[in-house]
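Asks: PDB, C-alpha atoms, file structure02.pdb:
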```pdb
ATOM      1  CA  MET L 231       0.000   0.000   0.000
ATOM      2  CA  ASN L 232       1.476   3.242  -1.131
ATOM      3  CA  VAL L 233       1.171   6.126   1.254
ATOM      4  CA  MET L 234       1.313   9.623  -0.165
ATOM      5  CA  THR L 235       3.782  11.676   1.705
ATOM      6  CA  PRO L 236       3.612  15.443   1.603
ATOM      7  CA  PRO L 237       6.483  17.110  -0.197
ATOM      8  CA  HIS L 238       9.114  18.508   2.033
ATOM      9  CA  ALA L 239       8.772  22.184   2.663
ATOM     10  CA  ALA L 240      11.453  24.215   1.024
ATOM     11  CA  THR L 241      14.062  25.422   3.447
ATOM     12  CA  VAL L 242      13.573  29.080   3.985
ATOM     13  CA  GLY L 243      16.436  31.094   5.341
ATOM     14  CA  PRO L 244      16.039  33.992   7.702
ATOM     15  CA  ALA L 245      14.279  36.920   6.132
ATOM     16  CA  PRO L 246      16.519  39.884   5.456
ATOM     17  CA  ALA L 247      16.242  42.548   8.093
ATOM     18  CA  PRO L 248      14.071  45.355   6.822
ATOM     19  CA  ALA L 249      15.584  48.752   6.482
ATOM     20  CA  THR L 250      15.168  50.937   9.504
ATOM     21  CA  PRO L 251      11.937  52.891   9.003
ATOM     22  CA  ALA L 252      13.570  56.152   9.958
ATOM     23  CA  ARG L 253      16.428  55.708   7.477
ATOM     24  CA  ARG L 254      14.506  54.563   4.412
ATOM     25  CA  PRO L 255      12.333  57.723   4.120
ATOM     26  CA  LEU L 256      15.403  59.879   4.771
ATOM     27  CA  ARG L 257      17.265  58.151   1.945
ATOM     28  CA  ARG L 258      14.287  58.708  -0.333
ATOM     29  CA  SER L 259      14.230  62.395   0.587
ATOM     30  CA  ILE L 260      17.935  62.707  -0.171
ATOM     31  CA  SER L 261      17.536  60.827  -3.458
ATOM     32  CA  ALA L 262      14.609  63.001  -4.506
ATOM     33  CA  GLU L 263      16.596  66.157  -3.871
ATOM     34  CA  LEU L 264      19.657  64.787  -5.651
ATOM     35  CA  ILE L 265      17.530  64.192  -8.752
ATOM     36  CA  LYS L 266      17.035  67.960  -8.972
ATOM     37  CA  LEU L 267      20.597  68.854  -8.051
ATOM     38  CA  THR L 268      22.265  66.435 -10.474
ATOM     39  CA  ARG L 269      20.423  67.429 -13.616
ATOM     40  CA  ARG L 270      22.785  68.127 -16.455
ATOM     41  CA  ARG L 271      21.987  71.824 -16.627
ATOM     42  CA  VAL L 272      22.496  72.251 -12.881
ATOM     43  CA  VAL L 273      25.735  70.249 -12.866
ATOM     44  CA  VAL L 274      27.193  72.133 -15.828
ATOM     45  CA  GLY L 275      26.132  75.503 -14.408
ATOM     46  CA  THR L 276      27.614  74.665 -11.026
ATOM     47  CA  ALA L 277      30.872  73.454 -12.549
ATOM     48  CA  VAL L 278      31.223  76.611 -14.633
ATOM     49  CA  ALA L 279      30.451  78.865 -11.662
ATOM     50  CA  VAL L 280      32.898  77.026  -9.393
ATOM     51  CA  THR L 281      35.618  77.193 -12.042
ATOM     52  CA  VAL L 282      35.131  80.914 -12.649
ATOM     53  CA  ILE L 283      35.096  81.714  -8.926
ATOM     54  CA  ALA L 284      38.104  79.507  -8.156
ATOM     55  CA  VAL L 285      40.202  80.796 -11.054
ATOM     56  CA  GLY L 286      39.159  84.418 -10.569
ATOM     57  CA  GLY L 287      39.561  84.442  -6.787
ATOM     58  CA  THR L 288      42.925  82.705  -6.982
ATOM     59  CA  ALA L 289      44.254  84.958  -9.734
ATOM     60  CA  ILE L 290      43.234  88.077  -7.823
ATOM     61  CA  GLY L 291      44.813  86.730  -4.645
ATOM     62  CA  ILE L 292      48.073  85.868  -6.392
ATOM     63  CA  ALA L 293      48.253  89.290  -8.035
ATOM     64  CA  ALA L 294      47.531  91.077  -4.745
ATOM     65  CA  ALA L 295      49.934  89.005  -2.645
ATOM     66  CA  GLU L 296      51.963  91.215  -0.333
ATOM     67  CA  PRO L 297      55.649  90.713   0.464
ATOM     68  CA  ALA L 298      54.923  90.660   4.183
ATOM     69  CA  THR L 299      56.505  88.351   6.713
ATOM     70  CA  THR L 300      53.275  87.366   8.466
ATOM     71  CA  ALA L 301      51.735  84.010   7.613
ATOM     72  CA  VAL L 302      48.327  84.588   9.193
ATOM     73  CA  ARG L 303      45.391  84.237   6.821
ATOM     74  CA  GLN L 304      42.782  86.929   7.106
ATOM     75  CA  PRO L 305      39.667  86.896   4.888
ATOM     76  CA  ASP L 306      39.518  90.691   4.678
ATOM     77  CA  ARG L 307      43.167  91.266   3.756
ATOM     78  CA  ALA L 308      45.418  90.321   0.874
ATOM     79  CA  ILE L 309      47.345  87.135   1.564
ATOM     80  CA  SER L 310      51.114  87.417   1.930
ATOM     81  CA  ILE L 311      53.785  85.804  -0.205
ATOM     82  CA  ALA L 312      55.198  84.214   2.946
ATOM     83  CA  THR L 313      51.900  82.409   3.460
ATOM     84  CA  LEU L 314      51.735  81.260  -0.159
ATOM     85  CA  GLU L 315      55.205  79.758   0.031
ATOM     86  CA  GLN L 316      54.268  77.536   2.965
ATOM     87  CA  ALA L 317      53.129  73.934   2.549
ATOM     88  CA  GLY L 318      49.480  74.969   2.562
ATOM     89  CA  GLY L 319      49.978  77.892   0.227
ATOM     90  CA  GLY L 320      48.534  76.040  -2.739
ATOM     91  CA  THR L 321      45.070  75.925  -1.146
ATOM     92  CA  ALA L 322      45.299  79.053   0.994
ATOM     93  CA  LEU L 323      43.540  81.181  -1.617
ATOM     94  CA  PHE L 324      40.790  78.574  -1.953
ATOM     95  CA  ALA L 325      40.025  78.869   1.764
ATOM     96  CA  GLN L 326      40.136  82.654   1.580
ATOM     97  CA  THR L 327      37.737  82.688  -1.385
ATOM     98  CA  VAL L 328      35.257  80.492   0.494
ATOM     99  CA  GLY L 329      35.426  82.907   3.440
ATOM    100  CA  PHE L 330      34.736  85.853   1.149
ATOM    101  CA  MET L 331      31.616  84.107  -0.165
ATOM    102  CA  SER L 332      30.028  83.628   3.258
ATOM    103  CA  ALA L 333      27.191  86.118   2.734
ATOM    104  CA  PHE L 334      26.506  84.891  -0.809
ATOM    105  CA  LEU L 335      26.338  81.234   0.253
ATOM    106  CA  THR L 336      24.041  82.076   3.155
ATOM    107  CA  ALA L 337      21.701  84.048   0.911
ATOM    108  CA  VAL L 338      21.540  81.210  -1.637
ATOM    109  CA  LEU L 339      20.775  78.596   1.027
ATOM    110  CA  VAL L 340      18.148  80.723   2.761
ATOM    111  CA  ALA L 341      16.462  81.383  -0.578
ATOM    112  CA  THR L 342      16.586  77.680  -1.491
ATOM    113  CA  VAL L 343      14.828  76.624   1.720
ATOM    114  CA  ALA L 344      12.346  79.499   1.879
ATOM    115  CA  ALA L 345      11.370  79.024  -1.768
ATOM    116  CA  GLU L 346      10.028  75.543  -0.952
ATOM    117  CA  PHE L 347       7.322  77.206   1.148
ATOM    118  CA  THR L 348       6.749  80.171  -1.169
ATOM    119  CA  ARG L 349       6.181  77.934  -4.211
ATOM    120  CA  GLY L 350       4.206  75.318  -2.304
ATOM    121  CA  THR L 351       6.613  72.525  -3.214
ATOM    122  CA  PHE L 352       7.210  71.616   0.426
ATOM    123  CA  ARG L 353       3.522  70.876   0.857
ATOM    124  CA  THR L 354       3.611  68.728  -2.287
ATOM    125  CA  MET L 355       6.569  66.746  -0.946
ATOM    126  CA  LEU L 356       4.649  66.058   2.260
ATOM    127  CA  LEU L 357       2.034  64.184   0.231
ATOM    128  CA  GLN L 358       4.715  61.570  -0.498
ATOM    129  CA  GLN L 359       6.565  61.770   2.810
ATOM    130  CA  PRO L 360       4.467  63.111   5.691
ATOM    131  CA  HIS L 361       7.375  63.427   8.125
ATOM    132  CA  ARG L 362       8.336  67.074   7.781
ATOM    133  CA  GLY L 363      11.668  66.782   9.546
ATOM    134  CA  ARG L 364      12.898  64.015   7.256
ATOM    135  CA  VAL L 365      11.880  65.915   4.144
ATOM    136  CA  LEU L 366      13.836  68.975   5.216
ATOM    137  CA  ALA L 367      16.770  66.939   6.545
ATOM    138  CA  GLY L 368      17.042  65.087   3.242
ATOM    139  CA  LYS L 369      17.003  68.351   1.319
ATOM    140  CA  VAL L 370      19.713  69.935   3.460
ATOM    141  CA  ALA L 371      21.853  66.770   3.429
ATOM    142  CA  ALA L 372      21.701  66.650  -0.367
ATOM    143  CA  LEU L 373      22.589  70.346  -0.625
ATOM    144  CA  VAL L 374      25.556  69.951   1.715
ATOM    145  CA  GLY L 375      26.736  66.905  -0.238
ATOM    146  CA  VAL L 376      26.617  68.737  -3.543
ATOM    147  CA  MET L 377      28.324  71.789  -2.041
ATOM    148  CA  GLY L 378      31.017  69.518  -0.634
ATOM    149  CA  ALA L 379      31.671  68.041  -4.071
ATOM    150  CA  ALA L 380      31.773  71.549  -5.545
ATOM    151  CA  ALA L 381      34.219  72.623  -2.820
ATOM    152  CA  ALA L 382      36.525  69.705  -3.622
ATOM    153  CA  MET L 383      36.458  70.654  -7.296
ATOM    154  CA  GLY L 384      37.071  74.303  -6.440
ATOM    155  CA  GLU L 385      40.086  73.431  -4.316
ATOM    156  CA  VAL L 386      41.661  71.425  -7.137
ATOM    157  CA  VAL L 387      41.050  74.217  -9.661
ATOM    158  CA  SER L 388      42.405  76.804  -7.229
ATOM    159  CA  TRP L 389      45.563  74.755  -6.606
ATOM    160  CA  LEU L 390      46.195  74.341 -10.334
ATOM    161  CA  THR L 391      45.646  78.053 -10.922
ATOM    162  CA  SER L 392      48.009  78.935  -8.075
ATOM    163  CA  ARG L 393      50.634  76.593  -9.488
ATOM    164  CA  LEU L 394      50.401  78.140 -12.959
ATOM    165  CA  LEU L 395      50.601  81.736 -11.696
ATOM    166  CA  ALA L 396      53.053  81.336  -8.821
ATOM    167  CA  SER L 397      56.250  81.823 -10.820
ATOM    168  CA  SER L 398      54.965  85.042 -12.408
ATOM    169  CA  GLN L 399      54.774  86.617  -8.942
ATOM    170  CA  GLY L 400      58.051  85.230  -7.642
ATOM    171  CA  ILE L 401      56.358  82.634  -5.399
ATOM    172  CA  ASP L 402      58.180  79.365  -4.748
ATOM    173  CA  PRO L 403      55.611  76.502  -4.812
ATOM    174  CA  ALA L 404      58.079  73.705  -3.955
ATOM    175  CA  ALA L 405      56.452  72.967  -0.577
ATOM    176  CA  TRP L 406      52.984  72.455  -2.097
ATOM    177  CA  THR L 407      53.726  68.964  -3.390
ATOM    178  CA  THR L 408      55.203  67.624  -0.153
ATOM    179  CA  LEU L 409      53.336  65.417   2.301
ATOM    180  CA  ALA L 410      52.818  68.476   4.488
ATOM    181  CA  GLY L 411      51.297  70.255   1.511
ATOM    182  CA  VAL L 412      48.830  67.425   0.862
ATOM    183  CA  THR L 413      47.918  67.341   4.555
ATOM    184  CA  ALA L 414      47.353  71.097   4.584
ATOM    185  CA  GLY L 415      45.164  70.809   1.484
ATOM    186  CA  LEU L 416      43.008  68.136   3.121
ATOM    187  CA  GLU L 417      42.744  70.291   6.241
ATOM    188  CA  ASP L 418      41.593  73.264   4.174
ATOM    189  CA  LEU L 419      38.975  71.085   2.485
ATOM    190  CA  GLY L 420      37.798  69.799   5.869
ATOM    191  CA  ARG L 421      37.507  73.337   7.179
ATOM    192  CA  ALA L 422      35.526  74.301   4.090
ATOM    193  CA  LEU L 423      33.122  71.384   4.637
ATOM    194  CA  LEU L 424      32.605  72.383   8.274
ATOM    195  CA  PHE L 425      32.067  75.971   7.163
ATOM    196  CA  LEU L 426      29.488  74.933   4.561
ATOM    197  CA  THR L 427      27.680  72.621   6.976
ATOM    198  CA  GLY L 428      27.454  75.298   9.658
ATOM    199  CA  THR L 429      26.240  77.838   7.124
ATOM    200  CA  ALA L 430      23.589  75.384   5.877
ATOM    201  CA  VAL L 431      22.269  74.699   9.397
ATOM    202  CA  PHE L 432      21.784  78.364  10.241
ATOM    203  CA  ALA L 433      20.465  79.267   6.789
ATOM    204  CA  THR L 434      17.900  76.463   7.050
ATOM    205  CA  MET L 435      16.629  77.835  10.349
ATOM    206  CA  VAL L 436      16.236  81.317   8.861
ATOM    207  CA  GLY L 437      14.518  79.954   5.760
ATOM    208  CA  VAL L 438      12.035  77.889   7.771
ATOM    209  CA  LEU L 439      11.222  80.728  10.160
ATOM    210  CA  ALA L 440      10.870  83.363   7.425
ATOM    211  CA  ARG L 441       9.159  81.189   4.766
ATOM    212  CA  SER L 442       9.724  84.083   2.409
ATOM    213  CA  VAL L 443      12.729  84.558   0.152
ATOM    214  CA  PRO L 444      12.970  88.392   0.430
ATOM    215  CA  ILE L 445      12.426  88.439   4.196
ATOM    216  CA  GLY L 446      14.739  85.506   4.885
ATOM    217  CA  VAL L 447      17.571  86.699   2.655
ATOM    218  CA  GLY L 448      17.227  90.264   3.937
ATOM    219  CA  ALA L 449      17.355  89.199   7.583
ATOM    220  CA  ALA L 450      20.390  86.963   6.987
ATOM    221  CA  LEU L 451      22.326  89.647   5.119
ATOM    222  CA  VAL L 452      21.517  92.307   7.711
ATOM    223  CA  TRP L 453      22.826  90.039  10.448
ATOM    224  CA  LEU L 454      25.972  88.925   8.612
ATOM    225  CA  GLY L 455      26.726  92.391   7.275
ATOM    226  CA  PRO L 456      25.962  95.427   9.418
ATOM    227  CA  ILE L 457      25.284  93.710  12.753
ATOM    228  CA  GLU L 458      28.173  91.256  12.950
ATOM    229  CA  ASN L 459      30.755  93.468  11.282
ATOM    230  CA  ILE L 460      29.879  96.782  12.920
ATOM    231  CA  ILE L 461      29.358  95.378  16.405
ATOM    232  CA  GLY L 462      32.262  92.976  15.959
ATOM    233  CA  ASP L 463      34.637  95.829  15.139
ATOM    234  CA  GLY L 464      33.811  97.669  18.344
ATOM    235  CA  TRP L 465      33.133  94.792  20.747
ATOM    236  CA  ASP L 466      35.939  92.289  21.224
ATOM    237  CA  PRO L 467      33.801  89.442  22.722
ATOM    238  CA  ALA L 468      31.758  89.374  19.489
ATOM    239  CA  ALA L 469      34.376  87.154  17.844
ATOM    240  CA  ARG L 470      33.727  84.503  20.516
ATOM    241  CA  TRP L 471      29.929  84.542  20.253
ATOM    242  CA  PHE L 472      28.684  85.672  16.841
ATOM    243  CA  PRO L 473      28.125  82.639  14.566
ATOM    244  CA  GLY L 474      29.389  84.323  11.409
ATOM    245  CA  LEU L 475      32.648  85.324  13.072
ATOM    246  CA  LEU L 476      33.017  81.849  14.565
ATOM    247  CA  LEU L 477      32.620  80.330  11.095
ATOM    248  CA  ARG L 478      35.300  82.740   9.908
ATOM    249  CA  ALA L 479      37.612  81.385  12.608
ATOM    250  CA  VAL L 480      37.012  77.880  11.221
ATOM    251  CA  ILE L 481      37.680  78.649   7.572
ATOM    252  CA  SER L 482      40.528  81.085   8.289
ATOM    253  CA  PRO L 483      42.335  80.054  11.504
ATOM    254  CA  GLY L 484      44.040  82.872  13.342
ATOM    255  CA  SER L 485      42.000  85.617  11.697
ATOM    256  CA  THR L 486      39.751  86.434  14.688
ATOM    257  CA  GLY L 487      41.806  85.472  17.730
ATOM    258  CA  VAL L 488      39.501  82.510  18.470
ATOM    259  CA  THR L 489      40.928  78.996  18.233
ATOM    260  CA  THR L 490      39.331  76.468  15.915
ATOM    261  CA  GLY L 491      38.480  74.174  18.829
ATOM    262  CA  ARG L 492      36.624  76.844  20.773
ATOM    263  CA  ALA L 493      34.822  77.986  17.627
ATOM    264  CA  LEU L 494      33.665  74.431  16.847
ATOM    265  CA  VAL L 495      32.398  73.827  20.393
ATOM    266  CA  THR L 496      30.378  77.052  20.378
ATOM    267  CA  LEU L 497      29.083  76.406  16.866
ATOM    268  CA  ALA L 498      28.020  72.882  17.842
ATOM    269  CA  ALA L 499      25.939  74.326  20.686
ATOM    270  CA  TYR L 500      24.414  76.900  18.331
ATOM    271  CA  ALA L 501      23.702  74.177  15.764
ATOM    272  CA  ALA L 502      21.833  72.099  18.368
ATOM    273  CA  VAL L 503      19.698  75.121  19.234
ATOM    274  CA  ALA L 504      19.111  75.906  15.550
ATOM    275  CA  VAL L 505      18.028  72.329  14.795
ATOM    276  CA  THR L 506      15.659  72.351  17.784
ATOM    277  CA  ILE L 507      14.078  75.649  16.715
ATOM    278  CA  THR L 508      13.755  74.468  13.118
ATOM    279  CA  ALA L 509      12.125  71.188  14.138
ATOM    280  CA  TYR L 510       9.685  72.973  16.461
ATOM    281  CA  ALA L 511       8.737  75.501  13.789
ATOM    282  CA  LEU L 512       8.161  72.757  11.233
ATOM    283  CA  ARG L 513       6.012  70.735  13.603
ATOM    284  CA  ARG L 514       3.891  73.582  14.959
ATOM    285  CA  ARG L 515       3.379  75.840  11.977
ATOM    286  CA  ASP L 516       0.830  74.945   9.322
ATOM    287  CA  VAL L 517       1.920  74.366   5.728
ATOM    288  CA  THR L 518      -0.844  75.901   3.662
ATOM    289  CA  SER L 519       0.968  77.089   0.535
TER
END
```
Re-express the file's structure as structure tokens.
Replies:
Amino acid sequence: MNVMTPPHAATVGPAPAPATPARRPLRRSISAELIKLTRRRVVVGTAVAVTVIAVGGTAIGIAAAEPATTAVRQPDRAISIATLEQAGGGTALFAQTVGFMSAFLTAVLVATVAAEFTRGTFRTMLLQQPHRGRVLAGKVAALVGVMGAAAAMGEVVSWLTSRLLASSQGIDPAAWTTLAGVTAGLEDLGRALLFLTGTAVFATMVGVLARSVPIGVGAALVWLGPIENIIGDGWDPAARWFPGLLLRAVISPGSTGVTTGRALVTLAAYAAVAVTITAYALRRRDVTS
């Protein structure tokens, strides 16, 4: 007598662990923003702008280099030949150019965030991803990533421009290709990334609170321009407490009398406050446009 035996069940291995719910929507938000930021027209326009700024800023800095003995970088003064002949001289003008563009970068970032509310696109994005914080975090993360890539490209272009023009101004670039020169270049890039990240955090807070491009950009420029510079010139403690001056200490060490370590600690505390305020404003305020 034949007995039918049930087929053996296929051996099923352990199911793959699902992606963490908090990370998957954040990745989607970053990917969605990168789709806009990596379009060919945007990439080409960004590359052209970075090249023009890097070449122009470096050429002007090389031409204006002063035969001074000081090697302290200051964003509001011409860099010295002594500084350019050091190991980090090949990227010194790149860091100085980034410092000069502080107000411009802040205005662009504030406008980028505020425009999402003005045009109603933030509300549209919430239809796909209802978590407001993750939508905004993904947008800012993508922006910082793209700016970081642009900064790396700008540093390379600036170094090449400096190398081509150095001999015409009597600058000896021998130290730029040493190990110390490479280390200094990586340090300058790291400082630029910290500078861009800090600028993005504070610009995001202003953009979310203002929700208007003219108001947000105007408020940011008033603070970075007249308030910080005028008060900072007449009040010595301003360099230790004003965020714009602290960011200047990061991108241009020694220019404000505040060490990089102290500036980063204070900026980290400010960033925590800015993130808290931004998250509260996003959660409590209605998105109607």
Asks: Could I get the residues of stretch 320-424 of chain L with an atom no further than 7 Å from an atom of stretch 278-301 of chain L, each paired with its nearest atom pair and that distance in Å to one decimal, using all atoms listed in the file, sorted by chain and residue number, as JSON lines?
Replies:
```
{"residue": "L:Leu323", "atom": "CA", "partner": "L:Thr288", "partner_atom": "CA", "distance": 5.6}
{"residue": "L:Phe324", "atom": "CA", "partner": "L:Ala284", "partner_atom": "CA", "distance": 6.8}
{"residue": "L:Thr327", "atom": "CA", "partner": "L:Gly287", "partner_atom": "CA", "distance": 6.0}
{"residue": "L:Ala380", "atom": "CA", "partner": "L:Val280", "partner_atom": "CA", "distance": 6.8}
{"residue": "L:Gly384", "atom": "CA", "partner": "L:Ala284", "partner_atom": "CA", "distance": 5.6}
{"residue": "L:Val387", "atom": "CA", "partner": "L:Ala284", "partner_atom": "CA", "distance": 6.2}
{"residue": "L:Ser388", "atom": "CA", "partner": "L:Ala284", "partner_atom": "CA", "distance": 5.2}
{"residue": "L:Thr391", "atom": "CA", "partner": "L:Val285", "partner_atom": "CA", "distance": 6.1}
{"residue": "L:Ser392", "atom": "CA", "partner": "L:Thr288", "partner_atom": "CA", "distance": 6.4}
```
Asks: Write out as a VMD selection string which residues come within 8 Å of L:Trp406 when counting all atoms listed in the file, dropping same-chain ones fewer than 4 positions away.
Replies: chain L and resid 315 to 320 410 to 412
Asks: Where does stretch 261-380 of chain L meet stretch 445-467 of chain L within 10 Å, residue by residue, with the nearest atom pair and distance in Å to one decimal for each, counting all atoms listed in the file, listed by chain and rising number, as JSON lines?
Replies:
```
{"residue": "L:Ser332", "atom": "CA", "partner": "L:Leu454", "partner_atom": "CA", "distance": 8.6}
{"residue": "L:Ala333", "atom": "CA", "partner": "L:Leu451", "partner_atom": "CA", "distance": 6.5}
{"residue": "L:Phe334", "atom": "CA", "partner": "L:Leu451", "partner_atom": "CA", "distance": 8.7}
{"residue": "L:Thr336", "atom": "CA", "partner": "L:Ala450", "partner_atom": "CA", "distance": 7.2}
{"residue": "L:Ala337", "atom": "CA", "partner": "L:Val447", "partner_atom": "CA", "distance": 5.2}
{"residue": "L:Val338", "atom": "CA", "partner": "L:Val447", "partner_atom": "CA", "distance": 8.0}
{"residue": "L:Leu339", "atom": "CA", "partner": "L:Val447", "partner_atom": "CA", "distance": 8.9}
{"residue": "L:Val340", "atom": "CA", "partner": "L:Val447", "partner_atom": "CA", "distance": 6.0}
{"residue": "L:Ala341", "atom": "CA", "partner": "L:Val447", "partner_atom": "CA", "distance": 6.3}
{"residue": "L:Thr342", "atom": "CA", "partner": "L:Val447", "partner_atom": "CA", "distance": 10.0}
{"residue": "L:Val343", "atom": "CA", "partner": "L:Gly446", "partner_atom": "CA", "distance": 9.4}
{"residue": "L:Ala344", "atom": "CA", "partner": "L:Gly446", "partner_atom": "CA", "distance": 7.1}
{"residue": "L:Ala345", "atom": "CA", "partner": "L:Gly446", "partner_atom": "CA", "distance": 9.9}
```
Asks: From the set L:Ala504, L:Leu416, L:Ile311, L:Val328, which residue has the shortest atom-to-atom contact distance to L:Gly437, counting all atoms listed in the file?
Replies: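 Among the listed residues, L:Ala504 lies closest to L:Gly437.
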Asks: What gap, in Å, lies between atom CA of L:Arg271 and atom CA of L:Val376?
Replies: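 If I compute the distance from atom CA of L:Arg271 to atom CA of L:Val376, I get 14.2 Å.
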Asks: Could you list, with a cut-off of 12 Å and counting all atoms listed in the file, the residues of stretch 456-479 of chain L near stretch 493-497 of chain L, each shown with its nearest atom pair and the distance in Å rounded to one decimal, rows sorted by chain and ascending number, as CSV?
Replies:
```
residue,atom,partner,partner_atom,distance
L:Ala468,CA,L:Ala493,CA,11.9
L:Ala469,CA,L:Ala493,CA,9.2
L:Arg470,CA,L:Ala493,CA,7.2
L:Trp471,CA,L:Thr496,CA,7.5
L:Phe472,CA,L:Leu497,CA,9.3
L:Pro473,CA,L:Leu497,CA,6.7
L:Gly474,CA,L:Leu497,CA,9.6
L:Leu475,CA,L:Ala493,CA,8.9
L:Leu476,CA,L:Ala493,CA,5.2
L:Leu477,CA,L:Ala493,CA,7.3
L:Arg478,CA,L:Ala493,CA,9.1
L:Ala479,CA,L:Ala493,CA,6.7
```
Asks: Taking all atoms of stretch 500-517 of chain L that the file lists, what box with edges along x, y and z, padded by 8 Å per side, do you get, with centre and edge lengths in Å to one decimal, as lines of an AutoDock Vina configuration file?
Replies:
```
center_x = 12.6
center_y = 73.8
center_z = 12.5
size_x = 39.6
size_y = 22.2
size_z = 29.5
```
Asks: Given the choices L:Thr321, L:Thr489, L:Ser398, L:Ser261, which gets closest to L:Val370 if the distance is worked out from only C-alpha atoms?
Replies: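 Answer, going by the shortest atom-to-atom distance: L:Ser261.
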Asks: Could you state the separation of atom CA of L:Ala501 and atom CA of L:Arg421 in Å, given to one decimal place?
Replies: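 About the pair atom CA of L:Ala501 and atom CA of L:Arg421: they are 16.3 Å apart.
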Asks: Applying the PyMOL selection byres ((chain L and resi 420) around 12) to the file I just gave you, which residues come out? Please list them as a PDB file with C-alpha atoms, in the coordinates of the input.
Replies:
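File written: selection_30.pdb
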```pdb
ATOM      1  CA  THR L 321      45.070  75.925  -1.146  1.00  0.00           C
ATOM      2  CA  ALA L 325      40.025  78.869   1.764  1.00  0.00           C
ATOM      3  CA  GLY L 378      31.017  69.518  -0.634  1.00  0.00           C
ATOM      4  CA  ALA L 379      31.671  68.041  -4.071  1.00  0.00           C
ATOM      5  CA  ALA L 381      34.219  72.623  -2.820  1.00  0.00           C
ATOM      6  CA  ALA L 382      36.525  69.705  -3.622  1.00  0.00           C
ATOM      7  CA  GLU L 385      40.086  73.431  -4.316  1.00  0.00           C
ATOM      8  CA  THR L 413      47.918  67.341   4.555  1.00  0.00           C
ATOM      9  CA  ALA L 414      47.353  71.097   4.584  1.00  0.00           C
ATOM     10  CA  GLY L 415      45.164  70.809   1.484  1.00  0.00           C
ATOM     11  CA  LEU L 416      43.008  68.136   3.121  1.00  0.00           C
ATOM     12  CA  GLU L 417      42.744  70.291   6.241  1.00  0.00           C
ATOM     13  CA  ASP L 418      41.593  73.264   4.174  1.00  0.00           C
ATOM     14  CA  LEU L 419      38.975  71.085   2.485  1.00  0.00           C
ATOM     15  CA  ARG L 421      37.507  73.337   7.179  1.00  0.00           C
ATOM     16  CA  ALA L 422      35.526  74.301   4.090  1.00  0.00           C
ATOM     17  CA  LEU L 423      33.122  71.384   4.637  1.00  0.00           C
ATOM     18  CA  LEU L 424      32.605  72.383   8.274  1.00  0.00           C
ATOM     19  CA  PHE L 425      32.067  75.971   7.163  1.00  0.00           C
ATOM     20  CA  LEU L 426      29.488  74.933   4.561  1.00  0.00           C
ATOM     21  CA  THR L 427      27.680  72.621   6.976  1.00  0.00           C
ATOM     22  CA  VAL L 480      37.012  77.880  11.221  1.00  0.00           C
ATOM     23  CA  ILE L 481      37.680  78.649   7.572  1.00  0.00           C
ATOM     24  CA  SER L 482      40.528  81.085   8.289  1.00  0.00           C
TER      25      SER L 482
END
```
Asks: Of the residues L:Ala322, L:Met383, L:Ala405, L:Ala440, which is the one nearest to L:Phe347, using all atoms listed in the file?
Replies: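 Ranked by minimum distance to L:Phe347, first place goes to L:Ala440.
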Asks: Could you state the separation of atom CA of L:Met331 and atom CA of L:Ser310 in Å, given to one decimal place?
Replies: 19.9 Å
Asks: Written as a ChimeraX atom specification, what is the full residue list that the PyMOL selection byres ((chain L and resi 505) around 10) yields on the file shown?
Replies: /L:363,367,431-432,434-435,500-504,506-511
Asks: Closest to L:Thr276 among L:Val365, L:Met377, L:Ala312, L:Ala430, using all atoms listed in the file?
Replies: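 Result for the nearest residue to L:Thr276: L:Met377.
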Asks: For the file shown, what are the residues hit by the PyMOL selection byres ((chain L and resi 368) around 9), laid out as a ChimeraX atom specification?
Replies: /L:255-263,363-367,369-373
